[in-house]
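Structure, as structure tokens:
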Amino acid sequence: MQSKKAVASSTQPAQPVQRVIKKYPNRRLYDTDTSTYITLAEVKQLVMDTESFTVRDAKTNEDLTRSILLQIILEEEAGGAPMFSEAALANIIRFYGHAAQGFMGTYLEKNVQAFSDIQAKLAEQSKHLTPEMWAQFMNMQNPLMQGMMGSYVEQSKTMFDKMQEQMQKQTEQMLGAFMGKR
């Protein structure tokens, strides 16, 4: 005879279980999936492998995933080949507390996703190339990249224009509400 839990799980489609990593006060990370302590480098590998995971404080169960991801970025930036210039970081910081903060996060997220999609398409297309085909591909890479980057830039511009329209509408609504309260 099967238990109720076994019956329920056999009738429902299997959902991928999100991997839980517990962070202890001694700063150690414990992977509950493998029952082992892991390093920040191993958490980075989970990200690279597109594994779904969450990092939780072992005592309070608070979600620490964002802070761990930021810590990985900090280590990567300090590792000698930074992705962000000081000017770019300063500009990002300036958006905190600014009216456009919410829009900027969405804008950056969509742009990074669009760039990742382009990179994945390029990787998929180049996977089946022989060395001769690869040489030809590299010769025509400049026009190909210009075309891909052109569409990326156009998509980025469109997202930015939408963000500006949303900000303008919200400003008009706020001013309309403010002016109506006189």
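Labels for the structure tokens follow display order: chains A, B, ..., residues from 1 in each chain, ligands from 1.
Residues of region 23-88 of chain A that DSSP places in alpha helix (DSSP H), based on the backbone of this structure, are Leu40, Ala41, Glu42, Val43, Lys44, Gln45, Leu46, Val47, Met48, Thr65, Arg66, Ser67, Ile68, Leu69, Leu70, Gln71, Ile72, Ile73, Leu74, Glu75, Glu76, Glu77, Ala78, Glu86, Ala87 and Ala88 of chain A.
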Would you save the residues of that selection, restricted to N, CA, C and O atoms, as a short mmCIF file (atom, residue, chain, number, x, y, z; two decimals), in the first residue's frame?
```cif
data_model
loop_
_atom_site.label_atom_id
_atom_site.label_comp_id
_atom_site.auth_asym_id
_atom_site.auth_seq_id
_atom_site.Cartn_x
_atom_site.Cartn_y
_atom_site.Cartn_z
N LEU A 40 32.36 29.43 -2.90
CA LEU A 40 31.73 30.43 -3.75
C LEU A 40 31.98 30.11 -5.23
O LEU A 40 31.12 30.34 -6.07
N ALA A 41 33.15 29.55 -5.52
CA ALA A 41 33.46 29.14 -6.90
C ALA A 41 32.49 28.06 -7.38
O ALA A 41 32.09 28.05 -8.55
N GLU A 42 32.09 27.18 -6.48
CA GLU A 42 31.13 26.14 -6.86
C GLU A 42 29.73 26.72 -7.04
O GLU A 42 28.97 26.26 -7.89
N VAL A 43 29.39 27.74 -6.27
CA VAL A 43 28.11 28.44 -6.48
C VAL A 43 28.15 29.13 -7.84
O VAL A 43 27.17 29.07 -8.59
N LYS A 44 29.28 29.74 -8.17
CA LYS A 44 29.43 30.36 -9.49
C LYS A 44 29.21 29.32 -10.59
O LYS A 44 28.56 29.59 -11.60
N GLN A 45 29.74 28.11 -10.39
CA GLN A 45 29.56 27.05 -11.39
C GLN A 45 28.09 26.67 -11.54
O GLN A 45 27.63 26.38 -12.64
N LEU A 46 27.34 26.71 -10.44
CA LEU A 46 25.89 26.45 -10.53
C LEU A 46 25.23 27.50 -11.43
O LEU A 46 24.36 27.17 -12.23
N VAL A 47 25.66 28.75 -11.27
CA VAL A 47 25.14 29.83 -12.12
C VAL A 47 25.50 29.55 -13.58
O VAL A 47 24.65 29.64 -14.47
N MET A 48 26.76 29.20 -13.81
CA MET A 48 27.23 28.94 -15.18
C MET A 48 26.47 27.77 -15.80
O MET A 48 26.22 27.76 -17.00
N THR A 65 20.30 34.97 -1.61
CA THR A 65 20.74 34.68 -2.96
C THR A 65 21.36 35.91 -3.63
O THR A 65 22.45 35.84 -4.20
N ARG A 66 20.66 37.05 -3.58
CA ARG A 66 21.17 38.26 -4.23
C ARG A 66 22.54 38.66 -3.68
O ARG A 66 23.44 39.01 -4.43
N SER A 67 22.71 38.61 -2.36
CA SER A 67 23.99 39.02 -1.78
C SER A 67 25.10 38.06 -2.19
O SER A 67 26.24 38.50 -2.42
N ILE A 68 24.82 36.79 -2.33
CA ILE A 68 25.84 35.83 -2.78
C ILE A 68 26.18 36.08 -4.24
O ILE A 68 27.36 36.06 -4.63
N LEU A 69 25.17 36.36 -5.07
CA LEU A 69 25.43 36.66 -6.48
C LEU A 69 26.26 37.95 -6.61
O LEU A 69 27.19 38.02 -7.42
N LEU A 70 25.94 38.94 -5.80
CA LEU A 70 26.72 40.18 -5.81
C LEU A 70 28.16 39.93 -5.34
O LEU A 70 29.10 40.53 -5.87
N GLN A 71 28.32 39.03 -4.38
CA GLN A 71 29.66 38.69 -3.91
C GLN A 71 30.47 38.02 -5.02
O GLN A 71 31.66 38.31 -5.19
N ILE A 72 29.82 37.17 -5.82
CA ILE A 72 30.49 36.53 -6.95
C ILE A 72 30.91 37.60 -7.97
O ILE A 72 32.04 37.59 -8.48
N ILE A 73 30.01 38.54 -8.25
CA ILE A 73 30.34 39.62 -9.19
C ILE A 73 31.51 40.44 -8.66
O ILE A 73 32.44 40.78 -9.40
N LEU A 74 31.49 40.76 -7.37
CA LEU A 74 32.58 41.53 -6.76
C LEU A 74 33.92 40.80 -6.93
O LEU A 74 34.92 41.42 -7.30
N GLU A 75 33.93 39.49 -6.68
CA GLU A 75 35.17 38.73 -6.84
C GLU A 75 35.62 38.70 -8.30
O GLU A 75 36.81 38.79 -8.58
N GLU A 76 34.67 38.58 -9.22
CA GLU A 76 35.01 38.59 -10.65
C GLU A 76 35.58 39.95 -11.05
O GLU A 76 36.55 40.02 -11.80
N GLU A 77 34.97 41.01 -10.57
CA GLU A 77 35.43 42.36 -10.90
C GLU A 77 36.81 42.63 -10.33
O GLU A 77 37.61 43.32 -10.94
N ALA A 78 37.11 42.07 -9.16
CA ALA A 78 38.42 42.27 -8.53
C ALA A 78 39.48 41.32 -9.10
O ALA A 78 40.66 41.47 -8.82
N GLU A 86 34.90 52.12 -14.03
CA GLU A 86 34.51 52.93 -12.87
C GLU A 86 33.37 53.87 -13.23
O GLU A 86 32.46 54.09 -12.43
N ALA A 87 33.40 54.40 -14.46
CA ALA A 87 32.34 55.31 -14.91
C ALA A 87 31.00 54.57 -14.97
O ALA A 87 29.97 55.11 -14.54
N ALA A 88 31.01 53.34 -15.47
CA ALA A 88 29.77 52.56 -15.56
C ALA A 88 29.22 52.27 -14.16
O ALA A 88 28.02 52.41 -13.91
#
```
**Request:** Find the distance between CA of Glu51 (chain A) and CA of Asp31 (chain A) and write it in Å to one decimal.
**Result:**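 Separation between CA of Glu51 (chain A) and CA of Asp31 (chain A): 12.6 Å.
One finds CA of Thr50 (chain A) at 13.5 Å from CA of Gln113 (chain A).
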**Item:** Length of the CA of Lys110 (chain A) to CA of Phe53 (chain A) vector [Å]
**Value:** 21.2 Å
**Item:** Distance criterion (only C-alpha atoms): nearest to Thr54 (chain A) out of A:Tyr30, A:Arg19, A:Gln166, A:Ala81
**Value:**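 Closest residue, counting only C-alpha atoms: A:Arg19.
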**Given only C-alpha atoms as the counted atoms, nearest of A:Ala58, A:His128, A:Gln170, A:Gln155 to Phe103 (chain A)** = A:Gln170
**Request:** Counting only C-alpha atoms, figure out which residue out of A:Met163, A:Pro82, A:Thr34, A:Asn61 gets nearest to Gly102 (chain A).
**Result:**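 Between A:Met163, A:Pro82, A:Thr34, A:Asn61, the residue approaching Gly102 (chain A) most closely is A:Met163.
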**Complete:** If you count only C-alpha atoms, the residue of A:Glu172, A:Asp33, A:Glu165, A:Glu124 closest to Gln18 (chain A) turns out to be A:Asp33
**Asked** Which polymer residues have any atom within 12 Å of an atom of Pro25 (chain A), counting only C-alpha atoms, with same-chain residues fewer than 6 positions away left out, as a PyMOL selection string?
**Response** chain A and resi 56-60
Selection to disk with C-alpha atoms, as a PDB file, in the first residue's frame:
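Result file result.pdb:
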```pdb
ATOM      1  CA  ARG A  56      19.191  30.817   2.711  1.00  0.00           C
ATOM      2  CA  ASP A  57      20.493  31.901   6.089  1.00  0.00           C
ATOM      3  CA  ALA A  58      20.727  28.724   8.161  1.00  0.00           C
ATOM      4  CA  LYS A  59      19.339  30.428  11.296  1.00  0.00           C
ATOM      5  CA  THR A  60      16.707  32.856  10.003  1.00  0.00           C
TER       6      THR A  60
END
```
